[in-house]
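Structure record follows, encoded as structure tokens.
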Amino acid sequence: MTRSPATVTVLQNVRPWGGDAVDLHVDGGRITAITPHRGAAAAAAGAPTADGVVDGRGLLALPGLVNAHAHVDKSWWGKPWVSYGGEATTQGRIAHERAHRDDLGIPGVDVTLAVLRELVRHGTTAIRTHVDVDLGLGLRGLEVVREALDAVGGAVHAEVVAFPQDGVLRRPGVLELLDEAAAAGADHVGGLDPASIDRDPVGQLDGLFAIAERRGVGIDVHLHDGGPLGAFQIELMIDRTVRAGLQGRVNVAHGFAVGELPPARQADLVGAMGEAGITMTTVAPIGAAPLPLHALREAGVTVGLGTDGIRDLWSPYGTGDLLALTTQLARLSRFRHDDELVTAARIATSDAARLVGREVHDLAVGGPADVVLVDAENVPDAVVRAPGRALVVAGGRVVARDGDVLV
Ligand SMILES: [Zn+2]
């Protein structure tokens with residue numbers, strides 16, 4: 001059963017990005033005014049009064065976390081433990097998933113709801129989720145995810161990528177399925193290692209870009225291929241993005257190659273990505289060469305952070321806590337200075353606005369009323385410690401409080 005979350009009109013006494021205490025005024029799911037906080041709080045801590053006033057107790061406020069690379073359709077969260085099996089390669093994981101997903105009810109509304117609630121519990125209010133589209137499932141996963149998103153009543157704003165996890169050209173009929181998905185409302189069409197999975201990088205990318213141009217959707221390609229092979233495929237994407245006028249609509253997920261290139265080649269590629277408006281999403285993987293985050297941001301490449309799948313047939317890891325993952329991103333990037341730790345928080349929130357189809361995702365007038373409160377001294381403290389989420393507001397409603405999900 002779903003309870004109706006309380007609507008917020010004023011979130012009093014909070015410190016956006018660690019600044020001075022303010023009151024955030026909310027209407028219609030957006031922040032309409034920000035005023036200095038004065039005087040005593042009018043409400044009980046965290047619980048709205050009848051007129052929607054909430055006491056923020058002077059806590060640190062961040063924008064709702066943005067999980068820019070999720071797979072909410074394919075987890076076994078909430079089910080008994082599933083031991084890891086199959087081969088550790090990309091193809092091995094694909095095969096293992098296809099052999100066992102039916103037993104776990106994947107894709108299913110209940111598993112997707114379980115994942116969405118974990119994300120909300122940890123302060124995520126906006127996601128870009130990949131959803132498997134293949135010859136076995138057709139477009140069923142997209143319907144499942146839509147139903148689960150409806151069930152949490154707008155607590156999670158979502159952009160959906162129709163994701164050909166089992167390959168594109170190597171599975172005749174998948175390109176047509178992606179086209180149908182785009183026509184049916186998917187925001188992006190996905191791709192997967194055009195070289196190593198399809199063994200036809202030009203063919204896969206041409207197919208995806210043709211759909212994007214025809215249907216007015218974006219492109220989001222999982223690119224595990226490293227080194228020069230990965231870089232070559234990013235160059236193919238850059239050329240096609242510029243030619244099709246799709247600047248800002250084409251994303252490279254993982255993009256390990258960018259972190260692996262020698263410095264001069266890396267600088268050239270990052271510069272070209274910035275000029276073409278290519279974006280990137282990382283899942284802060286342990287064991288991969290870190291992305292050059294400073295260089296990417298300086299070149300104008302939007303970078304978002306995501307959990308990837310959590311607790312699924314690919315890996316038993318993942319909790320859905322994007323702030324804890326922000327700690328991991330900062331550590332892997334060897335961030336230590338305050339401004340670097342703030343950059344990590346930006347990547348996990350406001351920087352990723354474009355990746356979830358928003359102009360602004362920040363604690364600013366006109367921005368969405370998506371707010372996470374944590375008991376932290378400042379943003380660096382929050383990033384290194386990932387304290388519990390005291391309050392989560394999404395679209396102007398309280399959706400989680402002290403670890404309890406209210407949707
Ligand atoms: Zn993924």
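Naming works like this for the structure tokens: A, B, ... for the chains as they're shown, residue 1 at the start of each chain, ligands 1 onward in shown order.
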- Find the spatial neighbours of range 294-311 of chain A, counting only C-alpha atoms, within a cut-off of 6 Å - ignore same-chain residues fewer than 2 positions away - and output them as number ranges by chain. A: 67-71, 75, 271, 274, 279-283, 292, 315-318, 347-348, 352
I need the residues of range 252-398 of chain A that end up classed as helix (DSSP H, G or I) by DSSP on the backbone, written out as an mmCIF file with N, CA, C and O atoms, in the first residue's frame.
```
data_model
loop_
_atom_site.group_PDB
_atom_site.id
_atom_site.type_symbol
_atom_site.label_atom_id
_atom_site.label_comp_id
_atom_site.auth_asym_id
_atom_site.auth_seq_id
_atom_site.Cartn_x
_atom_site.Cartn_y
_atom_site.Cartn_z
ATOM 1 N N PHE A 256 35.592 3.618 -20.399
ATOM 2 C CA PHE A 256 36.885 3.351 -19.742
ATOM 3 C C PHE A 256 38.060 3.873 -20.572
ATOM 4 O O PHE A 256 39.079 4.284 -20.035
ATOM 5 N N ALA A 257 37.897 3.839 -21.886
ATOM 6 C CA ALA A 257 38.983 4.254 -22.782
ATOM 7 C C ALA A 257 39.480 5.656 -22.461
ATOM 8 O O ALA A 257 40.684 5.932 -22.533
ATOM 9 N N VAL A 258 38.549 6.546 -22.085
ATOM 10 C CA VAL A 258 38.933 7.941 -21.839
ATOM 11 C C VAL A 258 39.968 8.021 -20.717
ATOM 12 O O VAL A 258 40.892 8.840 -20.754
ATOM 13 N N GLY A 259 39.844 7.149 -19.731
ATOM 14 C CA GLY A 259 40.796 7.158 -18.628
ATOM 15 C C GLY A 259 42.098 6.457 -18.946
ATOM 16 O O GLY A 259 43.073 6.594 -18.212
ATOM 17 N N GLU A 260 42.104 5.705 -20.038
ATOM 18 C CA GLU A 260 43.270 4.859 -20.330
ATOM 19 C C GLU A 260 44.248 5.459 -21.345
ATOM 20 O O GLU A 260 45.350 4.945 -21.508
ATOM 21 N N PRO A 263 48.326 10.936 -22.214
ATOM 22 C CA PRO A 263 47.850 12.300 -21.950
ATOM 23 C C PRO A 263 47.480 13.128 -23.192
ATOM 24 O O PRO A 263 46.417 13.748 -23.206
ATOM 25 N N ALA A 264 48.313 13.120 -24.218
ATOM 26 C CA ALA A 264 48.035 13.991 -25.372
ATOM 27 C C ALA A 264 46.785 13.518 -26.110
ATOM 28 O O ALA A 264 45.915 14.314 -26.484
ATOM 29 N N ARG A 265 46.683 12.214 -26.300
ATOM 30 C CA ARG A 265 45.515 11.653 -26.991
ATOM 31 C C ARG A 265 44.248 11.897 -26.164
ATOM 32 O O ARG A 265 43.196 12.220 -26.698
ATOM 33 N N GLN A 266 44.406 11.756 -24.842
ATOM 34 C CA GLN A 266 43.270 11.987 -23.957
ATOM 35 C C GLN A 266 42.792 13.434 -24.057
ATOM 36 O O GLN A 266 41.584 13.707 -24.161
ATOM 37 N N ALA A 267 43.728 14.370 -24.054
ATOM 38 C CA ALA A 267 43.362 15.789 -24.113
ATOM 39 C C ALA A 267 42.628 16.094 -25.419
ATOM 40 O O ALA A 267 41.622 16.814 -25.429
ATOM 41 N N ASP A 268 43.110 15.537 -26.521
ATOM 42 C CA ASP A 268 42.456 15.768 -27.824
ATOM 43 C C ASP A 268 41.036 15.216 -27.812
ATOM 44 O O ASP A 268 40.096 15.864 -28.272
ATOM 45 N N LEU A 269 40.893 14.000 -27.302
ATOM 46 C CA LEU A 269 39.573 13.356 -27.317
ATOM 47 C C LEU A 269 38.591 14.107 -26.410
ATOM 48 O O LEU A 269 37.448 14.373 -26.798
ATOM 49 N N VAL A 270 39.051 14.464 -25.220
ATOM 50 C CA VAL A 270 38.183 15.184 -24.278
ATOM 51 C C VAL A 270 37.753 16.517 -24.880
ATOM 52 O O VAL A 270 36.577 16.907 -24.800
ATOM 53 N N GLY A 271 38.677 17.217 -25.534
ATOM 54 C CA GLY A 271 38.338 18.490 -26.171
ATOM 55 C C GLY A 271 37.288 18.300 -27.258
ATOM 56 O O GLY A 271 36.314 19.065 -27.352
ATOM 57 N N ALA A 272 37.457 17.258 -28.065
ATOM 58 C CA ALA A 272 36.502 16.994 -29.147
ATOM 59 C C ALA A 272 35.136 16.592 -28.591
ATOM 60 O O ALA A 272 34.092 16.968 -29.137
ATOM 61 N N MET A 273 35.144 15.859 -27.481
ATOM 62 C CA MET A 273 33.867 15.495 -26.845
ATOM 63 C C MET A 273 33.138 16.741 -26.363
ATOM 64 O O MET A 273 31.918 16.880 -26.537
ATOM 65 N N GLY A 274 33.891 17.654 -25.759
ATOM 66 C CA GLY A 274 33.277 18.894 -25.270
ATOM 67 C C GLY A 274 32.673 19.692 -26.413
ATOM 68 O O GLY A 274 31.548 20.189 -26.314
ATOM 69 N N GLU A 275 33.407 19.807 -27.515
ATOM 70 C CA GLU A 275 32.904 20.592 -28.653
ATOM 71 C C GLU A 275 31.648 19.966 -29.241
ATOM 72 O O GLU A 275 30.771 20.662 -29.739
ATOM 73 N N ALA A 276 31.553 18.644 -29.201
ATOM 74 C CA ALA A 276 30.394 17.952 -29.788
ATOM 75 C C ALA A 276 29.248 17.791 -28.779
ATOM 76 O O ALA A 276 28.194 17.250 -29.116
ATOM 77 N N LEU A 293 38.247 13.746 -14.486
ATOM 78 C CA LEU A 293 37.031 14.530 -14.215
ATOM 79 C C LEU A 293 37.253 16.030 -14.358
ATOM 80 O O LEU A 293 36.396 16.737 -14.899
ATOM 81 N N HIS A 294 38.385 16.521 -13.872
ATOM 82 C CA HIS A 294 38.624 17.968 -13.981
ATOM 83 C C HIS A 294 38.697 18.372 -15.459
ATOM 84 O O HIS A 294 38.095 19.350 -15.874
ATOM 85 N N ALA A 295 39.449 17.608 -16.242
ATOM 86 C CA ALA A 295 39.611 17.943 -17.669
ATOM 87 C C ALA A 295 38.271 17.851 -18.395
ATOM 88 O O ALA A 295 37.939 18.698 -19.239
ATOM 89 N N LEU A 296 37.486 16.848 -18.068
ATOM 90 C CA LEU A 296 36.178 16.699 -18.714
ATOM 91 C C LEU A 296 35.286 17.888 -18.395
ATOM 92 O O LEU A 296 34.661 18.476 -19.288
ATOM 93 N N ARG A 297 35.231 18.279 -17.117
ATOM 94 C CA ARG A 297 34.382 19.414 -16.757
ATOM 95 C C ARG A 297 34.891 20.695 -17.402
ATOM 96 O O ARG A 297 34.116 21.507 -17.878
ATOM 97 N N GLU A 298 36.215 20.878 -17.430
ATOM 98 C CA GLU A 298 36.761 22.091 -18.043
ATOM 99 C C GLU A 298 36.447 22.143 -19.530
ATOM 100 O O GLU A 298 36.247 23.214 -20.093
ATOM 101 N N LEU A 322 23.658 6.594 -3.618
ATOM 102 C CA LEU A 322 24.511 7.357 -4.533
ATOM 103 C C LEU A 322 25.481 8.273 -3.788
ATOM 104 O O LEU A 322 26.552 8.591 -4.313
ATOM 105 N N LEU A 323 25.133 8.684 -2.574
ATOM 106 C CA LEU A 323 26.071 9.534 -1.821
ATOM 107 C C LEU A 323 27.284 8.711 -1.385
ATOM 108 O O LEU A 323 28.421 9.183 -1.455
ATOM 109 N N ALA A 324 27.051 7.456 -0.973
ATOM 110 C CA ALA A 324 28.183 6.582 -0.651
ATOM 111 C C ALA A 324 29.028 6.337 -1.908
ATOM 112 O O ALA A 324 30.258 6.246 -1.847
ATOM 113 N N LEU A 325 28.366 6.243 -3.059
ATOM 114 C CA LEU A 325 29.107 6.069 -4.308
ATOM 115 C C LEU A 325 29.894 7.337 -4.663
ATOM 116 O O LEU A 325 30.953 7.268 -5.294
ATOM 117 N N THR A 326 29.382 8.487 -4.217
ATOM 118 C CA THR A 326 30.105 9.746 -4.425
ATOM 119 C C THR A 326 31.411 9.727 -3.628
ATOM 120 O O THR A 326 32.443 10.213 -4.100
ATOM 121 N N THR A 327 31.369 9.159 -2.425
ATOM 122 C CA THR A 327 32.599 8.976 -1.643
ATOM 123 C C THR A 327 33.591 8.139 -2.447
ATOM 124 O O THR A 327 34.780 8.459 -2.552
ATOM 125 N N GLN A 328 33.076 7.053 -3.034
ATOM 126 C CA GLN A 328 33.941 6.155 -3.810
ATOM 127 C C GLN A 328 34.529 6.885 -5.032
ATOM 128 O O GLN A 328 35.713 6.759 -5.331
ATOM 129 N N LEU A 329 33.682 7.666 -5.710
ATOM 130 C CA LEU A 329 34.174 8.421 -6.875
ATOM 131 C C LEU A 329 35.282 9.373 -6.451
ATOM 132 O O LEU A 329 36.320 9.469 -7.120
ATOM 133 N N ALA A 330 35.075 10.054 -5.339
ATOM 134 C CA ALA A 330 36.071 11.024 -4.868
ATOM 135 C C ALA A 330 37.381 10.326 -4.504
ATOM 136 O O ALA A 330 38.466 10.782 -4.857
ATOM 137 N N ARG A 331 37.266 9.178 -3.840
ATOM 138 C CA ARG A 331 38.487 8.453 -3.443
ATOM 139 C C ARG A 331 39.242 7.934 -4.656
ATOM 140 O O ARG A 331 40.463 8.054 -4.753
ATOM 141 N N LEU A 332 38.487 7.332 -5.602
ATOM 142 C CA LEU A 332 39.140 6.785 -6.791
ATOM 143 C C LEU A 332 39.798 7.896 -7.608
ATOM 144 O O LEU A 332 40.792 7.667 -8.294
ATOM 145 N N ASP A 338 38.866 20.617 -0.612
ATOM 146 C CA ASP A 338 37.445 20.916 -0.463
ATOM 147 C C ASP A 338 36.759 21.106 -1.815
ATOM 148 O O ASP A 338 35.661 20.587 -2.041
ATOM 149 N N ASP A 339 37.400 21.894 -2.691
ATOM 150 C CA ASP A 339 36.727 22.190 -3.967
ATOM 151 C C ASP A 339 36.551 20.914 -4.793
ATOM 152 O O ASP A 339 35.554 20.756 -5.513
ATOM 153 N N GLU A 340 37.477 19.972 -4.660
ATOM 154 C CA GLU A 340 37.330 18.708 -5.390
ATOM 155 C C GLU A 340 36.168 17.876 -4.825
ATOM 156 O O GLU A 340 35.416 17.246 -5.572
ATOM 157 N N LEU A 341 36.037 17.895 -3.507
ATOM 158 C CA LEU A 341 34.948 17.130 -2.879
ATOM 159 C C LEU A 341 33.596 17.746 -3.246
ATOM 160 O O LEU A 341 32.611 17.027 -3.456
ATOM 161 N N VAL A 342 33.562 19.073 -3.370
ATOM 162 C CA VAL A 342 32.331 19.723 -3.817
ATOM 163 C C VAL A 342 32.049 19.329 -5.275
ATOM 164 O O VAL A 342 30.900 19.085 -5.651
ATOM 165 N N THR A 343 33.107 19.247 -6.078
ATOM 166 C CA THR A 343 32.930 18.807 -7.472
ATOM 167 C C THR A 343 32.282 17.424 -7.517
ATOM 168 O O THR A 343 31.369 17.176 -8.318
ATOM 169 N N ALA A 344 32.735 16.529 -6.653
ATOM 170 C CA ALA A 344 32.139 15.183 -6.629
ATOM 171 C C ALA A 344 30.649 15.267 -6.323
ATOM 172 O O ALA A 344 29.830 14.586 -6.953
ATOM 173 N N ALA A 345 30.277 16.134 -5.368
ATOM 174 C CA ALA A 345 28.856 16.296 -5.024
ATOM 175 C C ALA A 345 28.086 16.900 -6.191
ATOM 176 O O ALA A 345 26.924 16.551 -6.431
ATOM 177 N N ARG A 346 28.703 17.815 -6.913
ATOM 178 C CA ARG A 346 28.058 18.420 -8.088
ATOM 179 C C ARG A 346 27.785 17.358 -9.152
ATOM 180 O O ARG A 346 26.727 17.344 -9.788
ATOM 181 N N ILE A 347 28.768 16.476 -9.371
ATOM 182 C CA ILE A 347 28.609 15.418 -10.374
ATOM 183 C C ILE A 347 27.414 14.528 -10.014
ATOM 184 O O ILE A 347 26.676 14.075 -10.887
ATOM 185 N N SER A 350 23.687 18.474 -9.289
ATOM 186 C CA SER A 350 23.337 19.540 -10.239
ATOM 187 C C SER A 350 23.976 19.381 -11.615
ATOM 188 O O SER A 350 23.354 19.718 -12.629
ATOM 189 N N ASP A 351 25.203 18.877 -11.675
ATOM 190 C CA ASP A 351 25.863 18.715 -12.975
ATOM 191 C C ASP A 351 25.069 17.796 -13.901
ATOM 192 O O ASP A 351 25.156 17.909 -15.118
ATOM 193 N N ALA A 352 24.327 16.872 -13.309
ATOM 194 C CA ALA A 352 23.670 15.828 -14.102
ATOM 195 C C ALA A 352 22.280 16.222 -14.590
ATOM 196 O O ALA A 352 21.561 15.394 -15.148
ATOM 197 N N ALA A 353 21.913 17.481 -14.407
ATOM 198 C CA ALA A 353 20.564 17.928 -14.804
ATOM 199 C C ALA A 353 20.221 17.481 -16.222
ATOM 200 O O ALA A 353 19.166 16.881 -16.482
ATOM 201 N N ARG A 354 21.125 17.766 -17.141
ATOM 202 C CA ARG A 354 20.883 17.464 -18.557
ATOM 203 C C ARG A 354 20.670 15.967 -18.791
ATOM 204 O O ARG A 354 19.941 15.568 -19.694
ATOM 205 N N LEU A 355 21.290 15.151 -17.947
ATOM 206 C CA LEU A 355 21.186 13.697 -18.136
ATOM 207 C C LEU A 355 19.820 13.158 -17.743
ATOM 208 O O LEU A 355 19.465 12.031 -18.075
ATOM 209 N N VAL A 356 19.049 13.974 -17.004
ATOM 210 C CA VAL A 356 17.677 13.572 -16.681
ATOM 211 C C VAL A 356 16.672 14.544 -17.302
ATOM 212 O O VAL A 356 15.548 14.685 -16.825
ATOM 213 N N VAL A 379 29.714 20.467 2.719
ATOM 214 C CA VAL A 379 29.624 19.498 1.623
ATOM 215 C C VAL A 379 30.797 18.508 1.649
ATOM 216 O O VAL A 379 30.584 17.299 1.501
ATOM 217 N N PRO A 380 32.043 18.970 1.840
ATOM 218 C CA PRO A 380 33.130 17.976 1.922
ATOM 219 C C PRO A 380 32.888 16.922 2.998
ATOM 220 O O PRO A 380 33.132 15.729 2.779
ATOM 221 N N ASP A 381 32.392 17.353 4.157
ATOM 222 C CA ASP A 381 32.097 16.404 5.243
ATOM 223 C C ASP A 381 31.040 15.396 4.787
ATOM 224 O O ASP A 381 31.155 14.193 5.054
ATOM 225 N N ALA A 382 30.017 15.888 4.089
ATOM 226 C CA ALA A 382 28.955 14.987 3.611
ATOM 227 C C ALA A 382 29.515 13.994 2.590
ATOM 228 O O ALA A 382 29.140 12.815 2.582
ATOM 229 N N VAL A 383 30.421 14.459 1.722
ATOM 230 C CA VAL A 383 30.942 13.584 0.670
ATOM 231 C C VAL A 383 31.846 12.496 1.259
ATOM 232 O O VAL A 383 31.765 11.334 0.851
ATOM 233 N N VAL A 384 32.680 12.832 2.216
ATOM 234 C CA VAL A 384 33.600 11.799 2.722
ATOM 235 C C VAL A 384 32.911 10.838 3.689
ATOM 236 O O VAL A 384 33.386 9.730 3.896
ATOM 237 N N ARG A 385 31.756 11.237 4.236
ATOM 238 C CA ARG A 385 31.139 10.451 5.304
ATOM 239 C C ARG A 385 29.801 9.835 4.892
ATOM 240 O O ARG A 385 29.328 8.882 5.510
#
```
Selection: 7 Å around range 162-177 of chain A, only C-alpha atoms, excl. self and same-chain fewer than 4 positions, as a JSON list (two decimals) with all heavy atoms, in the first residue's frame:
```json
[["chain", "number", "residue", "atom", "x", "y", "z"],
["A", 94, "ILE", "N", 25.90, -11.49, -19.89],
["A", 94, "ILE", "CA", 24.68, -11.43, -20.71],
["A", 94, "ILE", "C", 24.02, -12.81, -20.73],
["A", 94, "ILE", "O", 22.82, -12.96, -20.51],
["A", 94, "ILE", "CB", 25.01, -10.96, -22.16],
["A", 94, "ILE", "CG1", 25.47, -9.51, -22.15],
["A", 94, "ILE", "CG2", 23.79, -11.13, -23.06],
["A", 94, "ILE", "CD1", 26.04, -9.03, -23.49],
["A", 130, "HIS", "N", 18.49, 2.56, -17.72],
["A", 130, "HIS", "CA", 18.47, 1.68, -18.88],
["A", 130, "HIS", "C", 17.44, 0.59, -18.60],
["A", 130, "HIS", "O", 17.30, 0.15, -17.47],
["A", 130, "HIS", "CB", 19.86, 1.06, -19.10],
["A", 130, "HIS", "CG", 20.91, 2.10, -19.35],
["A", 130, "HIS", "ND1", 21.35, 2.43, -20.60],
["A", 130, "HIS", "CD2", 21.56, 2.92, -18.49],
["A", 130, "HIS", "CE1", 22.24, 3.40, -20.52],
["A", 130, "HIS", "NE2", 22.40, 3.72, -19.24],
["A", 131, "VAL", "N", 16.72, 0.19, -19.63],
["A", 131, "VAL", "CA", 15.73, -0.87, -19.49],
["A", 131, "VAL", "C", 15.93, -1.84, -20.65],
["A", 131, "VAL", "O", 15.91, -1.43, -21.81],
["A", 131, "VAL", "CB", 14.29, -0.31, -19.53],
["A", 131, "VAL", "CG1", 13.28, -1.43, -19.39],
["A", 131, "VAL", "CG2", 14.08, 0.74, -18.44],
["A", 132, "ASP", "N", 16.14, -3.10, -20.32],
["A", 132, "ASP", "CA", 16.45, -4.09, -21.37],
["A", 132, "ASP", "C", 15.32, -4.20, -22.40],
["A", 132, "ASP", "O", 14.15, -4.32, -22.05],
["A", 132, "ASP", "CB", 16.66, -5.47, -20.74],
["A", 132, "ASP", "CG", 18.07, -5.66, -20.21],
["A", 132, "ASP", "OD1", 18.77, -4.64, -20.01],
["A", 132, "ASP", "OD2", 18.48, -6.82, -19.99],
["A", 133, "VAL", "N", 15.74, -4.17, -23.65],
["A", 133, "VAL", "CA", 14.85, -4.42, -24.78],
["A", 133, "VAL", "C", 15.55, -5.50, -25.61],
["A", 133, "VAL", "O", 16.70, -5.32, -26.00],
["A", 133, "VAL", "CB", 14.67, -3.12, -25.60],
["A", 133, "VAL", "CG1", 14.12, -3.41, -26.97],
["A", 133, "VAL", "CG2", 13.78, -2.13, -24.85],
["A", 134, "ASP", "N", 14.93, -6.63, -25.76],
["A", 134, "ASP", "CA", 15.57, -7.68, -26.57],
["A", 134, "ASP", "C", 14.51, -8.57, -27.21],
["A", 134, "ASP", "O", 13.31, -8.38, -26.99],
["A", 134, "ASP", "CB", 16.57, -8.48, -25.73],
["A", 134, "ASP", "CG", 15.94, -9.15, -24.51],
["A", 134, "ASP", "OD1", 14.85, -9.74, -24.67],
["A", 134, "ASP", "OD2", 16.53, -9.09, -23.43],
["A", 135, "LEU", "N", 14.98, -9.54, -27.97],
["A", 135, "LEU", "CA", 14.04, -10.35, -28.74],
["A", 135, "LEU", "C", 13.18, -11.22, -27.84],
["A", 135, "LEU", "O", 12.06, -11.58, -28.20],
["A", 135, "LEU", "CB", 14.81, -11.21, -29.75],
["A", 135, "LEU", "CG", 15.60, -10.40, -30.79],
["A", 135, "LEU", "CD1", 16.45, -11.32, -31.66],
["A", 135, "LEU", "CD2", 14.68, -9.54, -31.65],
["A", 138, "GLY", "N", 10.90, -8.24, -25.84],
["A", 138, "GLY", "CA", 10.28, -7.16, -26.59],
["A", 138, "GLY", "C", 10.35, -5.88, -25.77],
["A", 138, "GLY", "O", 11.38, -5.56, -25.19],
["A", 181, "ALA", "N", 10.53, 1.23, -29.55],
["A", 181, "ALA", "CA", 10.63, 1.77, -28.19],
["A", 181, "ALA", "C", 10.68, 3.29, -28.22],
["A", 181, "ALA", "O", 10.02, 3.96, -27.42],
["A", 181, "ALA", "CB", 11.87, 1.21, -27.49],
["A", 186, "ALA", "N", 10.25, 5.95, -25.19],
["A", 186, "ALA", "CA", 11.58, 5.92, -24.57],
["A", 186, "ALA", "C", 12.29, 7.23, -24.91],
["A", 186, "ALA", "O", 12.14, 7.76, -26.01],
["A", 186, "ALA", "CB", 12.37, 4.73, -25.06],
["A", 188, "HIS", "N", 15.61, 7.71, -24.88],
["A", 188, "HIS", "CA", 16.89, 7.46, -25.54],
["A", 188, "HIS", "C", 16.93, 6.03, -26.05],
["A", 188, "HIS", "O", 16.29, 5.15, -25.47],
["A", 188, "HIS", "CB", 18.07, 7.64, -24.56],
["A", 188, "HIS", "CG", 18.02, 8.90, -23.76],
["A", 188, "HIS", "ND1", 18.59, 10.06, -24.18],
["A", 188, "HIS", "CD2", 17.42, 9.17, -22.57],
["A", 188, "HIS", "CE1", 18.36, 11.02, -23.28],
["A", 188, "HIS", "NE2", 17.65, 10.49, -22.29],
["A", 189, "VAL", "N", 17.73, 5.82, -27.10],
["A", 189, "VAL", "CA", 18.03, 4.44, -27.47],
["A", 189, "VAL", "C", 19.45, 4.14, -27.02],
["A", 189, "VAL", "O", 20.34, 4.99, -27.08],
["A", 189, "VAL", "CB", 17.88, 4.18, -28.99],
["A", 189, "VAL", "CG1", 16.40, 4.16, -29.37],
["A", 189, "VAL", "CG2", 18.64, 5.19, -29.82],
["A", 190, "GLY", "N", 19.64, 2.94, -26.52],
["A", 190, "GLY", "CA", 20.94, 2.54, -26.01],
["A", 190, "GLY", "C", 21.73, 1.76, -27.05],
["A", 190, "GLY", "O", 21.21, 1.33, -28.08],
["A", 191, "GLY", "N", 23.00, 1.59, -26.73],
["A", 191, "GLY", "CA", 23.87, 0.74, -27.53],
["A", 191, "GLY", "C", 24.81, 0.02, -26.59],
["A", 191, "GLY", "O", 24.84, 0.30, -25.39],
["A", 192, "LEU", "N", 25.57, -0.91, -27.13],
["A", 192, "LEU", "CA", 26.48, -1.70, -26.30],
["A", 192, "LEU", "C", 27.70, -2.10, -27.12],
["A", 192, "LEU", "O", 27.56, -2.77, -28.14],
["A", 192, "LEU", "CB", 25.76, -2.95, -25.80],
["A", 192, "LEU", "CG", 26.60, -3.94, -25.00],
["A", 192, "LEU", "CD1", 26.97, -3.36, -23.64],
["A", 192, "LEU", "CD2", 25.86, -5.26, -24.82],
["A", 197, "ILE", "N", 30.87, -6.29, -29.17],
["A", 197, "ILE", "CA", 29.66, -7.12, -29.11],
["A", 197, "ILE", "C", 29.10, -7.36, -30.52],
["A", 197, "ILE", "O", 28.87, -8.50, -30.92],
["A", 197, "ILE", "CB", 28.60, -6.48, -28.20],
["A", 197, "ILE", "CG1", 29.05, -6.54, -26.73],
["A", 197, "ILE", "CG2", 27.24, -7.17, -28.36],
["A", 197, "ILE", "CD1", 29.05, -7.92, -26.08],
["A", 198, "ASP", "N", 28.87, -6.29, -31.26],
["A", 198, "ASP", "CA", 28.34, -6.47, -32.62],
["A", 198, "ASP", "C", 29.43, -6.73, -33.66],
["A", 198, "ASP", "O", 29.15, -7.21, -34.76],
["A", 198, "ASP", "CB", 27.56, -5.22, -33.06],
["A", 198, "ASP", "CG", 26.12, -5.23, -32.58],
["A", 198, "ASP", "OD1", 25.69, -6.26, -32.01],
["A", 198, "ASP", "OD2", 25.43, -4.22, -32.76],
["A", 204, "GLN", "N", 26.46, -0.47, -36.03],
["A", 204, "GLN", "CA", 25.59, -0.23, -34.87],
["A", 204, "GLN", "C", 25.32, 1.25, -34.67],
["A", 204, "GLN", "O", 24.18, 1.68, -34.47],
["A", 204, "GLN", "CB", 26.21, -0.81, -33.58],
["A", 204, "GLN", "CG", 25.26, -0.63, -32.39],
["A", 204, "GLN", "CD", 25.81, -1.09, -31.04],
["A", 204, "GLN", "OE1", 25.86, -0.32, -30.09],
["A", 204, "GLN", "NE2", 26.23, -2.35, -30.96],
["A", 207, "GLY", "N", 22.99, 2.76, -37.19],
["A", 207, "GLY", "CA", 21.62, 2.34, -36.90],
["A", 207, "GLY", "C", 21.00, 3.16, -35.77],
["A", 207, "GLY", "O", 19.85, 3.60, -35.85]]
```
- Query: DSSP says strand (DSSP E) for which residues of range 180-348 of chain A? Put them as a ChimeraX atom specification?
  - Reply: /A:188-192,218-223,250-254,279-282,303-305
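Nearest residue to Ala114 in chain A among A:Gly320, A:Gly185, A:Ala95, A:Leu137 is A:Gly320, counting only C-alpha atoms.
Rounded to one decimal, CA of Val53 in chain A and CA of Asp375 in chain A lie 19.5 Å from each other.
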- Query: Restricting the calculation to only C-alpha atoms, which member of A:Val371, A:Thr319, A:Gly58, A:Arg199 is positioned closest to Gly19 in chain A?
  - Reply: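 Counting only C-alpha atoms, the residue closest to Gly19 in chain A is A:Gly58.
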- Item | Which residue of A:Leu59, A:Leu116, A:Ala289, A:Ala244 approaches Ala158 in chain A most closely, using only C-alpha atoms | A:Leu116
- Message: Please determine, counting only C-alpha atoms, which residue among A:Ile238, A:Leu291, A:Ala126, A:Val393 has the shortest atom-to-atom distance to Gly277 in chain A.
- Response: A:Ile238
- Item | Distance criterion (only C-alpha atoms): nearest to Ile234 in chain A out of A:Ala61, A:Ile286, A:Val109, A:Ala195 |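 For Ile234 in chain A, the nearest of the given residues is A:Ala195.
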- Excluding Gly388 in chain A and any residue of its chain fewer than 4 positions from it, enumerate the residues within 8 Å of it, using only C-alpha atoms, and give them as a PyMOL selection string. chain A and resi 122+374-375+402-403
- Using only C-alpha atoms, determine which residues lie at most 8 Å from Ala394 in chain A, disregarding the query and same-chain residues fewer than 5 positions distant; provide the list as a VMD selection string. chain A and resid 29 64 125 154 to 156 368 to 371 399
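The residue that comes closest to Pro262 in chain A, out of A:Val250, A:Gly245, A:Glu159, A:Ala231 and on the basis of only C-alpha atoms, is A:Ala231.
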- Who sits within 8 Å of Gly108 in chain A, only C-alpha atoms, same chain under 2 positions skipped, as an NGL selection string: :A and (73 or 105-106 or 110-112 or 141 or 144)
Residue subset to file, keeping C-alpha atoms, as an mmCIF file, in the first residue's frame:
```
data_model
loop_
_atom_site.group_PDB
_atom_site.id
_atom_site.type_symbol
_atom_site.label_atom_id
_atom_site.label_comp_id
_atom_site.auth_asym_id
_atom_site.auth_seq_id
_atom_site.Cartn_x
_atom_site.Cartn_y
_atom_site.Cartn_z
ATOM 1 C CA ASP A 73 14.388 -3.381 -14.207
ATOM 2 C CA GLY A 105 10.707 -12.465 -11.990
ATOM 3 C CA ILE A 106 12.905 -10.049 -13.937
ATOM 4 C CA ASP A 110 7.771 -5.741 -7.643
ATOM 5 C CA VAL A 111 11.536 -5.934 -8.177
ATOM 6 C CA THR A 112 11.571 -2.553 -9.883
ATOM 7 C CA GLY A 141 10.436 -4.087 -19.552
ATOM 8 C CA VAL A 144 7.030 -2.678 -16.172
#
```
